[in-house]
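Colleague: Shown below is the structure under consideration.
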Amino acid sequence: MKRAQLVAGLVLVALIVITAVVSVFWTPFDPIRVVPSERLLPPGWPHVLGTDGFGIDILSRLMVGARTTLVVGIISVGLAVLIGVPLGMLAGQAGGWLDEVVMRAADVVYALPALLLAILLAAVFGASTVTAMVAIGVATIPAVARVARAGTKQVMAADFVLAARVAGTSRWGVAGRHVLPNIAPVIGVQASVGFALAILAEAALSYLGLGTPRPTPTWGNMLRDAQQYLFVMPIQTVWPGLAIALAVLGFNLLGDGLRDYLDPRLRELP
Amino acid sequence: MDDLYRAEALSRRFSHGQRQVLAVDTVDLVVPRGGRLGIVGESGSGKSTLVRMLAALDRPTSGRIWFDQHEITGLRERDLGFLRASVQMVFQDPLSSLNPRMRVGDIITEPLRSRLVRRQLDDGISADRRLAEVLDAVGLPADSADRFPHEFSGGQRQRIAIARALAPRPEVLIADEPVSALDVSVRAQVLNLLADLARESGLTLIVVSHDLLVVRHLCDHLAVMKNGSIVESGPTAEVYADPQQDYTRALLAAVPRIQTHRSS
């Protein structure tokens, strides 16, 4: 059962990764070039999923969209982990006023909606993939920092940290050898969940025109395009919606499955 | 015998908001080199706090501690190398005192890999050889090194913790309730192991326990703690034979005795 979760998550994520990689070298049709004569074709052959309002093959755009989704997810979650984990560990290990300062700062960022940040960045620098990634990444930092801090506090209360101090292990040694390996699973789970949320956020931002602009395809701006033809060709909204849902599901399953797999105490269980 | 540990007017106060708790209240303590001191008392009597200060894991609110003629109170962590190399600890619950994500070999050699400790060890102990030695000394199979703590039983885990404590060839072993978390059936084995190790390597032993039988088994001197103070101390046999305090008598009376009835 546990294994099934991990496998299902891995399969979905692998599907997205493979699609994204393949799209770099090959797509059935040009995902950018407008073909007025082939507008709004229903699913069939050769356009398996049909064409959009510009006459572009939807499957091709969906494949390239997977790429954007992955890049945004990796960069924004990576940013959040690289900044959030050290901050959370610092707060958890140091305690006292440093803990207060770091966590109150995290609260402030947490209180600031990612959407507002995205609008702000888009207004200053112009909406782009980069502003979306930065906005999502910064918005994800507090959640990661909190999980890292809570995990660190828990580890620091264990006797093996006292034993490490008796053994003369430095703060850095405790952080690297004892805290990080023990909080890695929860960070991994949080990163996976964060990835799923980043995919949703990216789709929302693109849908609102605050993320990756046309003509670069993303699942969010495909949804926005399809919306105009909701009554003419409703099936068009299904494809990017389905892609978003499967990606979110995949990363959530992967996160849960990973947590169970990484825990050596649970690994022995059938 | 010279004094290895000396503590003067040691106090430790904990503040929980408005409430203040005096966990250790002006305790004086002397542990001679090679001595085996037992600290007994009910839970909350401050015995764990006391030994944590001796191991420099906690700082006293007031008072001073000397180890081997060096004052350790107020020293920064990086200046405590001499203490870290000579004083090792065994904790109550091996489930909590062993990092579940480290292999037993890495756990045991952790004190040997610390720069702070290594600087103090002049003979440059080879970690691998020492690992094999201490595994053997505590009676664990040599292939234990590559396994994880959760693959061992409670008694074996405590042996791992003892092996880690022995690795840097310490002078002092502080054991905080070393068998309380263990099954009754393996307590005697672990106690005997500690007694043998202390005798063979001339360890100075400080044992904290709420269980008088444990202390009686391991220690030549006894200190009875109550509400943060030492209310009675002396050679184990004397305190046993002639307790001066009601509290000590009450503790002694709480020890279950096995009576054998022989009908002839």
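Starting from 1 in every chain, residues are counted up; chains themselves are A, B, ... following the order of the structure tokens, and ligands are numbered from 1 as listed.
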Tell me as a ChimeraX atom specification which residues belonging to chain B come within 9 Å of chain A, counting only C-alpha atoms.
Modeller: /B:55-57,77-78,80-81,83-85,87-102,110-117,148,150-151,161,164-165,168
Colleague: For A:Phe54, please output as a PyMOL selection string all residues within 12 Å (counting only C-alpha atoms; exclusion window: fewer than 5 positions along the same chain).
Modeller: chain A and resi 30-41+61+214-215+222+225-226+228-229
Colleague: DSSP on the backbone, then: every residue of stretch 80-260 of chain B marked helix (DSSP H, G or I), written as a ChimeraX atom specification.
Modeller: /B:81-86,94-97,104-108,110-113,115-118,127-137,142-146,149-151,154-166,184-200,212-218,236-241,246-253
Colleague: Ranking A:Thr51, A:Gln236, A:Gln190, A:Ser60 by minimum distance to A:Pro142 and counting only C-alpha atoms, which one comes first?
Modeller: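 Among A:Thr51, A:Gln236, A:Gln190, A:Ser60, it is A:Gln190 that comes nearest to A:Pro142.
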Colleague: Which neighbours of B:Glu171 fall inside 9 Å, counting only C-alpha atoms, when residues of the same chain fewer than 2 positions from it are skipped, and could you give them as a PyMOL selection string?
Modeller: chain B and resi 33-34+85-88+169+173+201-205
Colleague: Those selected residues, please, written with C-alpha atoms and delivered as an mmCIF file, in the first residue's frame.
Modeller:
data_model
loop_
_atom_site.group_PDB
_atom_site.id
_atom_site.type_symbol
_atom_site.label_atom_id
_atom_site.label_comp_id
_atom_site.auth_asym_id
_atom_site.auth_seq_id
_atom_site.Cartn_x
_atom_site.Cartn_y
_atom_site.Cartn_z
ATOM 1 C CA ARG B 33 39.979 9.680 40.909
ATOM 2 C CA GLY B 34 38.850 6.087 40.483
ATOM 3 C CA ALA B 85 37.992 13.816 25.845
ATOM 4 C CA SER B 86 37.908 12.567 29.443
ATOM 5 C CA VAL B 87 34.261 12.629 30.476
ATOM 6 C CA GLN B 88 31.715 10.511 28.628
ATOM 7 C CA ARG B 169 39.225 6.026 26.611
ATOM 8 C CA LEU B 173 31.857 7.712 32.861
ATOM 9 C CA SER B 201 39.879 0.241 33.028
ATOM 10 C CA GLY B 202 39.907 2.017 36.389
ATOM 11 C CA LEU B 203 37.075 4.323 35.341
ATOM 12 C CA THR B 204 35.758 6.953 37.655
ATOM 13 C CA LEU B 205 32.045 6.265 37.715
#
Colleague: Mind checking which residues fall within 7 Å of B:Leu222, counting only C-alpha atoms, ignoring those fewer than 4 positions away in the same chain, and posting them as JSON, numbers by chain?
Modeller: {"B": [37, 38, 39, 233, 234, 235, 236]}
Colleague: Determine, counting only C-alpha atoms, which protein, DNA and RNA residues have an atom within 12 Å of an atom of B:Val215; residues of the same chain fewer than 4 positions away are not included. Present the result as a ChimeraX atom specification.
Modeller: /B:36-41,175-179,191-192,194-195,205-211,219-224,235-237,239-240,252,255
Colleague: What is the distance, in Å and to one decimal place, between atom CA of B:Leu4 and atom CA of B:Ala188?
Modeller: 28.2 Å
Colleague: Atom CA of A:Gly250 and atom CA of A:Ala14, how far apart in Å?
Modeller: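 Distance between the two atoms: 9.0 Å.
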Colleague: Need to verify the contact set: B:Leu182, 7 Å, only C-alpha atoms, exclusion of same-chain residues closer than 3 positions in sequence. Can you return it as an MDAnalysis selection string?
Modeller: chainID B and resid 154:155 179 186:187
Colleague: Write the residues of the preceding selection, restricted to C-alpha atoms, as a PDB file, in the first residue's frame.
Modeller:
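Saved file again-v3.pdb follows:
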ATOM      1  CA  GLY B 154      17.076  -2.433  24.016  1.00  0.00           C
ATOM      2  CA  GLY B 155      19.925  -4.050  25.923  1.00  0.00           C
ATOM      3  CA  VAL B 179      19.146   0.674  33.033  1.00  0.00           C
ATOM      4  CA  VAL B 186      18.703  -7.440  30.676  1.00  0.00           C
ATOM      5  CA  ARG B 187      19.314  -4.925  33.461  1.00  0.00           C
TER       6      ARG B 187
END
Colleague: Give me the residues near A:Val17 as a ChimeraX atom specification, where near means some atom within 9 Å (using only C-alpha atoms) and where sequence neighbours in that chain fewer than 6 positions away do not count.
Modeller: /A:66-67,70
